[in-house]
file work-v7.pdb (PDB, N, CA and C atoms)
ATOM      1  N   MET S   1      94.388  45.210  37.343
ATOM      2  CA  MET S   1      94.262  44.082  36.454
ATOM      3  C   MET S   1      93.624  42.892  37.163
ATOM      4  N   LYS S   2      94.126  42.604  38.370
ATOM      5  CA  LYS S   2      93.574  41.478  39.119
ATOM      6  C   LYS S   2      92.126  41.768  39.506
ATOM      7  N   ASN S   3      91.851  43.001  39.804
ATOM      8  CA  ASN S   3      90.501  43.398  40.175
ATOM      9  C   ASN S   3      89.536  43.192  39.014
ATOM     10  N   ARG S   4      89.993  43.508  37.820
ATOM     11  CA  ARG S   4      89.167  43.351  36.624
ATOM     12  C   ARG S   4      88.909  41.866  36.343
ATOM     13  N   THR S   5      89.921  41.037  36.467
ATOM     14  CA  THR S   5      89.784  39.593  36.259
ATOM     15  C   THR S   5      88.819  38.997  37.285
ATOM     16  N   PHE S   6      88.942  39.439  38.512
ATOM     17  CA  PHE S   6      88.033  38.953  39.556
ATOM     18  C   PHE S   6      86.587  39.349  39.246
ATOM     19  N   LEU S   7      86.385  40.574  38.794
ATOM     20  CA  LEU S   7      85.047  41.052  38.462
ATOM     21  C   LEU S   7      84.449  40.266  37.293
ATOM     22  N   ILE S   8      85.244  40.004  36.284
ATOM     23  CA  ILE S   8      84.772  39.212  35.131
ATOM     24  C   ILE S   8      84.435  37.789  35.575
ATOM     25  N   THR S   9      85.249  37.208  36.431
ATOM     26  CA  THR S   9      84.990  35.855  36.935
ATOM     27  C   THR S   9      83.687  35.804  37.716
ATOM     28  N   VAL S  10      83.441  36.792  38.550
ATOM     29  CA  VAL S  10      82.209  36.845  39.339
ATOM     30  C   VAL S  10      80.998  36.994  38.422
ATOM     31  N   ILE S  11      81.101  37.866  37.450
ATOM     32  CA  ILE S  11      79.978  38.078  36.528
ATOM     33  C   ILE S  11      79.704  36.815  35.721
ATOM     34  N   LEU S  12      80.727  36.180  35.198
ATOM     35  CA  LEU S  12      80.552  34.948  34.422
ATOM     36  C   LEU S  12      79.984  33.814  35.282
ATOM     37  N   SER S  13      80.451  33.700  36.516
ATOM     38  CA  SER S  13      79.911  32.655  37.383
ATOM     39  C   SER S  13      78.437  32.925  37.696
ATOM     40  N   ASN S  14      78.068  34.183  37.900
ATOM     41  CA  ASN S  14      76.658  34.515  38.139
ATOM     42  C   ASN S  14      75.797  34.199  36.918
ATOM     43  N   ILE S  15      76.297  34.525  35.737
ATOM     44  CA  ILE S  15      75.559  34.200  34.505
ATOM     45  C   ILE S  15      75.414  32.691  34.353
ATOM     46  N   THR S  16      76.482  31.959  34.662
ATOM     47  CA  THR S  16      76.436  30.494  34.585
ATOM     48  C   THR S  16      75.406  29.936  35.571
ATOM     49  N   PHE S  17      75.381  30.446  36.790
ATOM     50  CA  PHE S  17      74.407  29.977  37.771
ATOM     51  C   PHE S  17      72.979  30.286  37.344
ATOM     52  N   VAL S  18      72.769  31.441  36.748
ATOM     53  CA  VAL S  18      71.428  31.795  36.265
ATOM     54  C   VAL S  18      71.003  30.849  35.147
ATOM     55  N   ILE S  19      71.905  30.575  34.236
ATOM     56  CA  ILE S  19      71.592  29.646  33.138
ATOM     57  C   ILE S  19      71.293  28.256  33.683
ATOM     58  N   LEU S  20      72.091  27.792  34.639
ATOM     59  CA  LEU S  20      71.846  26.482  35.241
ATOM     60  C   LEU S  20      70.508  26.447  35.989
ATOM     61  N   LEU S  21      70.161  27.517  36.648
ATOM     62  CA  LEU S  21      68.888  27.586  37.361
ATOM     63  C   LEU S  21      67.713  27.539  36.382
ATOM     64  N   ILE S  22      67.834  28.268  35.285
ATOM     65  CA  ILE S  22      66.776  28.237  34.258
ATOM     66  C   ILE S  22      66.652  26.832  33.677
ATOM     67  N   HIS S  23      67.788  26.199  33.403
ATOM     68  CA  HIS S  23      67.763  24.836  32.866
ATOM     69  C   HIS S  23      67.118  23.864  33.854
ATOM     70  N   LYS S  24      67.458  24.001  35.113
ATOM     71  CA  LYS S  24      66.902  23.124  36.153
ATOM     72  C   LYS S  24      65.389  23.296  36.239
ATOM     73  N   ARG S  25      64.924  24.528  36.244
ATOM     74  CA  ARG S  25      63.483  24.764  36.351
ATOM     75  C   ARG S  25      62.737  24.274  35.125
ATOM     76  N   SER S  26      63.327  24.435  33.952
ATOM     77  CA  SER S  26      62.660  23.934  32.744
ATOM     78  C   SER S  26      62.623  22.406  32.744
ATOM     79  N   ALA S  27      63.678  21.773  33.246
ATOM     80  CA  ALA S  27      63.692  20.307  33.331
ATOM     81  C   ALA S  27      62.638  19.817  34.324
ATOM     82  N   VAL S  28      62.511  20.508  35.452
ATOM     83  CA  VAL S  28      61.499  20.129  36.447
ATOM     84  C   VAL S  28      60.097  20.284  35.859
ATOM     85  N   THR S  29      59.863  21.369  35.143
ATOM     86  CA  THR S  29      58.557  21.588  34.518
ATOM     87  C   THR S  29      58.262  20.499  33.497
ATOM     88  N   GLU S  30      59.239  20.150  32.698
ATOM     89  CA  GLU S  30      59.063  19.093  31.702
ATOM     90  C   GLU S  30      58.734  17.760  32.374
ATOM     91  N   LEU S  31      59.423  17.455  33.461
ATOM     92  CA  LEU S  31      59.165  16.199  34.173
ATOM     93  C   LEU S  31      57.779  16.191  34.821
ATOM     94  N   MET S  32      57.324  17.357  35.270
ATOM     95  CA  MET S  32      55.978  17.429  35.850
ATOM     96  C   MET S  32      54.915  17.154  34.794
ATOM     97  N   TYR S  33      55.100  17.704  33.587
ATOM     98  CA  TYR S  33      54.166  17.426  32.498
ATOM     99  C   TYR S  33      54.197  15.952  32.111
ATOM    100  N   LYS S  34      55.393  15.389  32.079
ATOM    101  CA  LYS S  34      55.519  13.967  31.752
ATOM    102  C   LYS S  34      54.806  13.110  32.803
ATOM    103  N   LYS S  35      54.953  13.475  34.059
ATOM    104  CA  LYS S  35      54.291  12.753  35.143
ATOM    105  C   LYS S  35      52.773  12.842  35.003
ATOM    106  N   GLN S  36      52.269  14.023  34.654
ATOM    107  CA  GLN S  36      50.828  14.187  34.476
ATOM    108  C   GLN S  36      50.321  13.322  33.329
ATOM    109  N   ARG S  37      51.068  13.275  32.221
ATOM    110  CA  ARG S  37      50.655  12.436  31.092
ATOM    111  C   ARG S  37      50.629  10.962  31.496
ATOM    112  N   GLN S  38      51.627  10.536  32.252
ATOM    113  CA  GLN S  38      51.682   9.136  32.675
ATOM    114  C   GLN S  38      50.571   8.811  33.664
ATOM    115  N   GLU S  39      50.233   9.751  34.542
ATOM    116  CA  GLU S  39      49.122   9.525  35.475
ATOM    117  C   GLU S  39      47.802   9.433  34.721
ATOM    118  N   GLN S  40      47.620  10.248  33.695
ATOM    119  CA  GLN S  40      46.408  10.169  32.888
ATOM    120  C   GLN S  40      46.343   8.833  32.164
ATOM    121  N   ALA S  41      47.470   8.388  31.632
ATOM    122  CA  ALA S  41      47.505   7.090  30.957
ATOM    123  C   ALA S  41      47.202   5.968  31.945
ATOM    124  N   LEU S  42      47.717   6.082  33.160
ATOM    125  CA  LEU S  42      47.455   5.077  34.190
ATOM    126  C   LEU S  42      45.969   5.035  34.546
ATOM    127  N   ASN S  43      45.353   6.202  34.685
ATOM    128  CA  ASN S  43      43.920   6.250  34.976
ATOM    129  C   ASN S  43      43.105   5.641  33.841
ATOM    130  N   LEU S  44      43.496   5.927  32.606
ATOM    131  CA  LEU S  44      42.801   5.362  31.460
ATOM    132  C   LEU S  44      42.923   3.844  31.443
ATOM    133  N   LEU S  45      44.117   3.345  31.735
ATOM    134  CA  LEU S  45      44.321   1.891  31.774
ATOM    135  C   LEU S  45      43.529   1.251  32.914
ATOM    136  N   ALA S  46      43.423   1.927  34.039
ATOM    137  CA  ALA S  46      42.633   1.394  35.154
ATOM    138  C   ALA S  46      41.153   1.328  34.772
ATOM    139  N   GLN S  47      40.674   2.335  34.060
ATOM    140  CA  GLN S  47      39.288   2.312  33.608
ATOM    141  C   GLN S  47      39.053   1.180  32.620
ATOM    142  N   LYS S  48      39.991   0.987  31.692
ATOM    143  CA  LYS S  48      39.876  -0.121  30.731
ATOM    144  C   LYS S  48      39.898  -1.463  31.450
ATOM    145  N   GLU S  49      40.762  -1.578  32.474
ATOM    146  CA  GLU S  49      40.842  -2.828  33.235
ATOM    147  C   GLU S  49      39.508  -3.120  33.918
ATOM    148  N   ASN S  50      38.916  -2.111  34.541
ATOM    149  CA  ASN S  50      37.629  -2.310  35.204
ATOM    150  C   ASN S  50      36.548  -2.692  34.204
ATOM    151  N   LYS S  51      36.569  -2.056  33.042
ATOM    152  CA  LYS S  51      35.581  -2.363  32.005
ATOM    153  C   LYS S  51      35.732  -3.810  31.532
ATOM    154  N   LEU S  52      36.989  -4.232  31.313
ATOM    155  CA  LEU S  52      37.229  -5.606  30.855
ATOM    156  C   LEU S  52      36.874  -6.630  31.929
ATOM    157  N   LYS S  53      37.136  -6.312  33.197
ATOM    158  CA  LYS S  53      36.749  -7.225  34.273
ATOM    159  C   LYS S  53      35.238  -7.366  34.351
ATOM    160  N   HIS S  54      34.547  -6.253  34.184
ATOM    161  CA  HIS S  54      33.086  -6.284  34.203
ATOM    162  C   HIS S  54      32.558  -7.121  33.034
ATOM    163  N   GLU S  55      33.148  -6.933  31.870
ATOM    164  CA  GLU S  55      32.742  -7.706  30.698
ATOM    165  C   GLU S  55      33.023  -9.194  30.899
ATOM    166  N   LEU S  56      34.159  -9.517  31.521
ATOM    167  CA  LEU S  56      34.499 -10.914  31.798
ATOM    168  C   LEU S  56      33.484 -11.540  32.748
ATOM    169  N   CYS S  57      33.116 -10.799  33.783
ATOM    170  CA  CYS S  57      32.124 -11.317  34.718
ATOM    171  C   CYS S  57      30.797 -11.574  34.019
ATOM    172  N   ASN S  58      30.426 -10.673  33.128
ATOM    173  CA  ASN S  58      29.184 -10.870  32.375
ATOM    174  C   ASN S  58      29.271 -12.088  31.468
ATOM    175  N   LEU S  59      30.429 -12.311  30.858
ATOM    176  CA  LEU S  59      30.587 -13.446  29.956
ATOM    177  C   LEU S  59      30.646 -14.772  30.709
ATOM    178  N   GLN S  60      31.056 -14.724  31.961
ATOM    179  CA  GLN S  60      31.146 -15.963  32.732
ATOM    180  C   GLN S  60      29.824 -16.319  33.394
ATOM    181  N   GLY S  61      28.816 -15.506  33.218
ATOM    182  CA  GLY S  61      27.512 -15.790  33.811
ATOM    183  C   GLY S  61      26.857 -17.000  33.181
ATOM    184  N   ARG S  62      26.007 -17.646  33.928
ATOM    185  CA  ARG S  62      25.347 -18.872  33.470
ATOM    186  C   ARG S  62      24.557 -18.695  32.180
ATOM    187  N   PRO S  63      23.739 -17.654  32.032
ATOM    188  CA  PRO S  63      22.973 -17.515  30.787
ATOM    189  C   PRO S  63      23.866 -17.332  29.554
ATOM    190  N   THR S  64      24.956 -16.630  29.715
ATOM    191  CA  THR S  64      25.851 -16.397  28.582
ATOM    192  C   THR S  64      26.553 -17.688  28.182
ATOM    193  N   VAL S  65      27.007 -18.439  29.160
ATOM    194  CA  VAL S  65      27.676 -19.712  28.868
ATOM    195  C   VAL S  65      26.701 -20.685  28.214
ATOM    196  N   LYS S  66      25.481 -20.701  28.707
ATOM    197  CA  LYS S  66      24.463 -21.594  28.151
ATOM    198  C   LYS S  66      24.148 -21.222  26.703
ATOM    199  N   ALA S  67      24.000 -19.922  26.428
ATOM    200  CA  ALA S  67      23.722 -19.480  25.064
ATOM    201  C   ALA S  67      24.903 -19.793  24.137
ATOM    202  N   TYR S  68      26.118 -19.636  24.619
ATOM    203  CA  TYR S  68      27.304 -19.939  23.813
ATOM    204  C   TYR S  68      27.361 -21.435  23.504
ATOM    205  N   ALA S  69      27.080 -22.254  24.499
ATOM    206  CA  ALA S  69      27.115 -23.701  24.294
ATOM    207  C   ALA S  69      26.077 -24.132  23.260
ATOM    208  N   LYS S  70      24.904 -23.547  23.321
ATOM    209  CA  LYS S  70      23.866 -23.897  22.340
ATOM    210  C   LYS S  70      24.219 -23.406  20.944
ATOM    211  N   LYS S  71      24.624 -22.158  20.854
ATOM    212  CA  LYS S  71      24.816 -21.537  19.546
ATOM    213  C   LYS S  71      26.076 -22.025  18.837
ATOM    214  N   TYR S  72      27.208 -22.028  19.517
ATOM    215  CA  TYR S  72      28.476 -22.303  18.854
ATOM    216  C   TYR S  72      28.945 -23.755  18.988
ATOM    217  N   LEU S  73      28.564 -24.414  20.049
ATOM    218  CA  LEU S  73      29.037 -25.782  20.262
ATOM    219  C   LEU S  73      27.982 -26.832  19.939
ATOM    220  N   GLY S  74      26.767 -26.396  19.653
ATOM    221  CA  GLY S  74      25.701 -27.320  19.298
ATOM    222  C   GLY S  74      25.260 -28.210  20.449
ATOM    223  N   MET S  75      25.423 -27.773  21.657
ATOM    224  CA  MET S  75      25.027 -28.553  22.819
ATOM    225  C   MET S  75      23.567 -28.269  23.148
ATOM    226  N   SER S  76      22.954 -29.242  23.788
ATOM    227  CA  SER S  76      21.587 -29.045  24.249
ATOM    228  C   SER S  76      21.469 -29.614  25.656
ATOM    229  N   PRO S  77      20.513 -29.114  26.418
ATOM    230  CA  PRO S  77      20.348 -29.639  27.773
ATOM    231  C   PRO S  77      19.948 -31.116  27.735
ATOM    232  N   ILE S  78      20.438 -31.865  28.704
ATOM    233  CA  ILE S  78      20.072 -33.281  28.789
ATOM    234  C   ILE S  78      19.373 -33.524  30.119
ATOM    235  N   SER S  79      18.599 -34.578  30.135
ATOM    236  CA  SER S  79      17.874 -34.919  31.363
ATOM    237  C   SER S  79      18.685 -35.932  32.166
ATOM    238  N   ILE S  80      18.199 -36.205  33.360
ATOM    239  CA  ILE S  80      18.885 -37.173  34.217
ATOM    240  C   ILE S  80      18.829 -38.563  33.594
ATOM    241  N   ALA S  81      17.748 -38.886  32.937
ATOM    242  CA  ALA S  81      17.631 -40.199  32.295
ATOM    243  C   ALA S  81      18.678 -40.356  31.198
ATOM    244  N   GLN S  82      18.921 -39.315  30.457
ATOM    245  CA  GLN S  82      19.948 -39.375  29.421
ATOM    246  C   GLN S  82      21.334 -39.493  30.039
ATOM    247  N   MET S  83      21.532 -38.896  31.187
ATOM    248  CA  MET S  83      22.824 -39.003  31.856
ATOM    249  C   MET S  83      23.073 -40.435  32.298
ATOM    250  N   LYS S  84      22.033 -41.114  32.773
ATOM    251  CA  LYS S  84      22.192 -42.512  33.171
ATOM    252  C   LYS S  84      22.543 -43.365  31.971
ATOM    253  N   LYS S  85      21.913 -43.058  30.835
ATOM    254  CA  LYS S  85      22.227 -43.822  29.621
ATOM    255  C   LYS S  85      23.672 -43.589  29.214
ATOM    256  N   LEU S  86      24.122 -42.380  29.330
ATOM    257  CA  LEU S  86      25.493 -42.080  28.933
ATOM    258  C   LEU S  86      26.500 -42.778  29.834
ATOM    259  N   THR S  87      26.221 -42.833  31.127
ATOM    260  CA  THR S  87      27.198 -43.406  32.049
ATOM    261  C   THR S  87      27.168 -44.936  32.018
ATOM    262  N   THR S  88      26.017 -45.524  31.820
ATOM    263  CA  THR S  88      25.951 -46.990  31.825
ATOM    264  C   THR S  88      26.154 -47.586  30.447
ATOM    265  N   HIS S  89      25.947 -46.805  29.421
ATOM    266  CA  HIS S  89      26.049 -47.322  28.079
ATOM    267  C   HIS S  89      27.518 -47.483  27.652
ATOM    268  N   GLY S  90      28.342 -46.532  28.071
ATOM    269  CA  GLY S  90      29.723 -46.484  27.607
ATOM    270  C   GLY S  90      30.559 -47.506  28.223
TER     271      GLY S  90
END
call {"tool": "encode", "arguments": {"input": "work-v7.pdb", "output": "structure tokens"}}
result
Amino acid sequence: MKNRTFLITVILSNITFVILLIHKRSAVTELMYKKQRQEQALNLLAQKENKLKHELCNLQGRPTVKAYAKKYLGMSPISIAQMKKLTTHG
């Protein structure tokens, strides 16, 4: 009787360990896929960041600022003589 109980306990513990091992490996595999997805998202965000930085540098260039000032703000270039009038007139 004791021998039979011991045998059943050993078999059940082995089955439990196998199930736990399968669960552990499936969890590790799932985490590896999750890590890969996050790394891909990180790479995509880094590419977007570089693209936006490049676009910002282009927008901060002198010709772009000058065109924006003329088109949207109604500004025009002034000469040094006009600058003297502005500073002494006010």
call {"tool": "atom_distance", "arguments": {"input": "work-v7.pdb", "atom1": "atom C of Thr29 (chain S)", "atom2": "CA of Ile11 (chain S)"}}
result
28.1 Å
call {"tool": "atom_distance", "arguments": {"input": "work-v7.pdb", "atom1": "atom C of Gly74 (chain S)", "atom2": "CA of Lys53 (chain S)"}}
result
27.6 Å
call {"tool": "atom_distance", "arguments": {"input": "work-v7.pdb", "atom1": "atom N of Leu56 (chain S)", "atom2": "atom C of Leu44 (chain S)"}}
result
16.0 Å
call {"tool": "residues_around", "arguments": {"input": "work-v7.pdb", "residues": "Met75 (chain S)", "least_positions_apart": "6", "cutoff": "8 Å", "atoms": "all atoms listed in the file", "output": "VMD selection string"}}
result
chain S and resid 66 68 to 69
call {"tool": "write_last_selection", "arguments": {"input": "work-v7.pdb", "atoms": "N, CA and C atoms", "output": "compact mmCIF listing (two decimals), in the coordinates of the input"}}
result
# COMPACT_ATOMS: atom_id res chain seq x y z
N LYS S 66 25.48 -20.70 28.71
CA LYS S 66 24.46 -21.59 28.15
C LYS S 66 24.15 -21.22 26.70
N TYR S 68 26.12 -19.64 24.62
CA TYR S 68 27.30 -19.94 23.81
C TYR S 68 27.36 -21.44 23.50
N ALA S 69 27.08 -22.25 24.50
CA ALA S 69 27.12 -23.70 24.29
C ALA S 69 26.08 -24.13 23.26
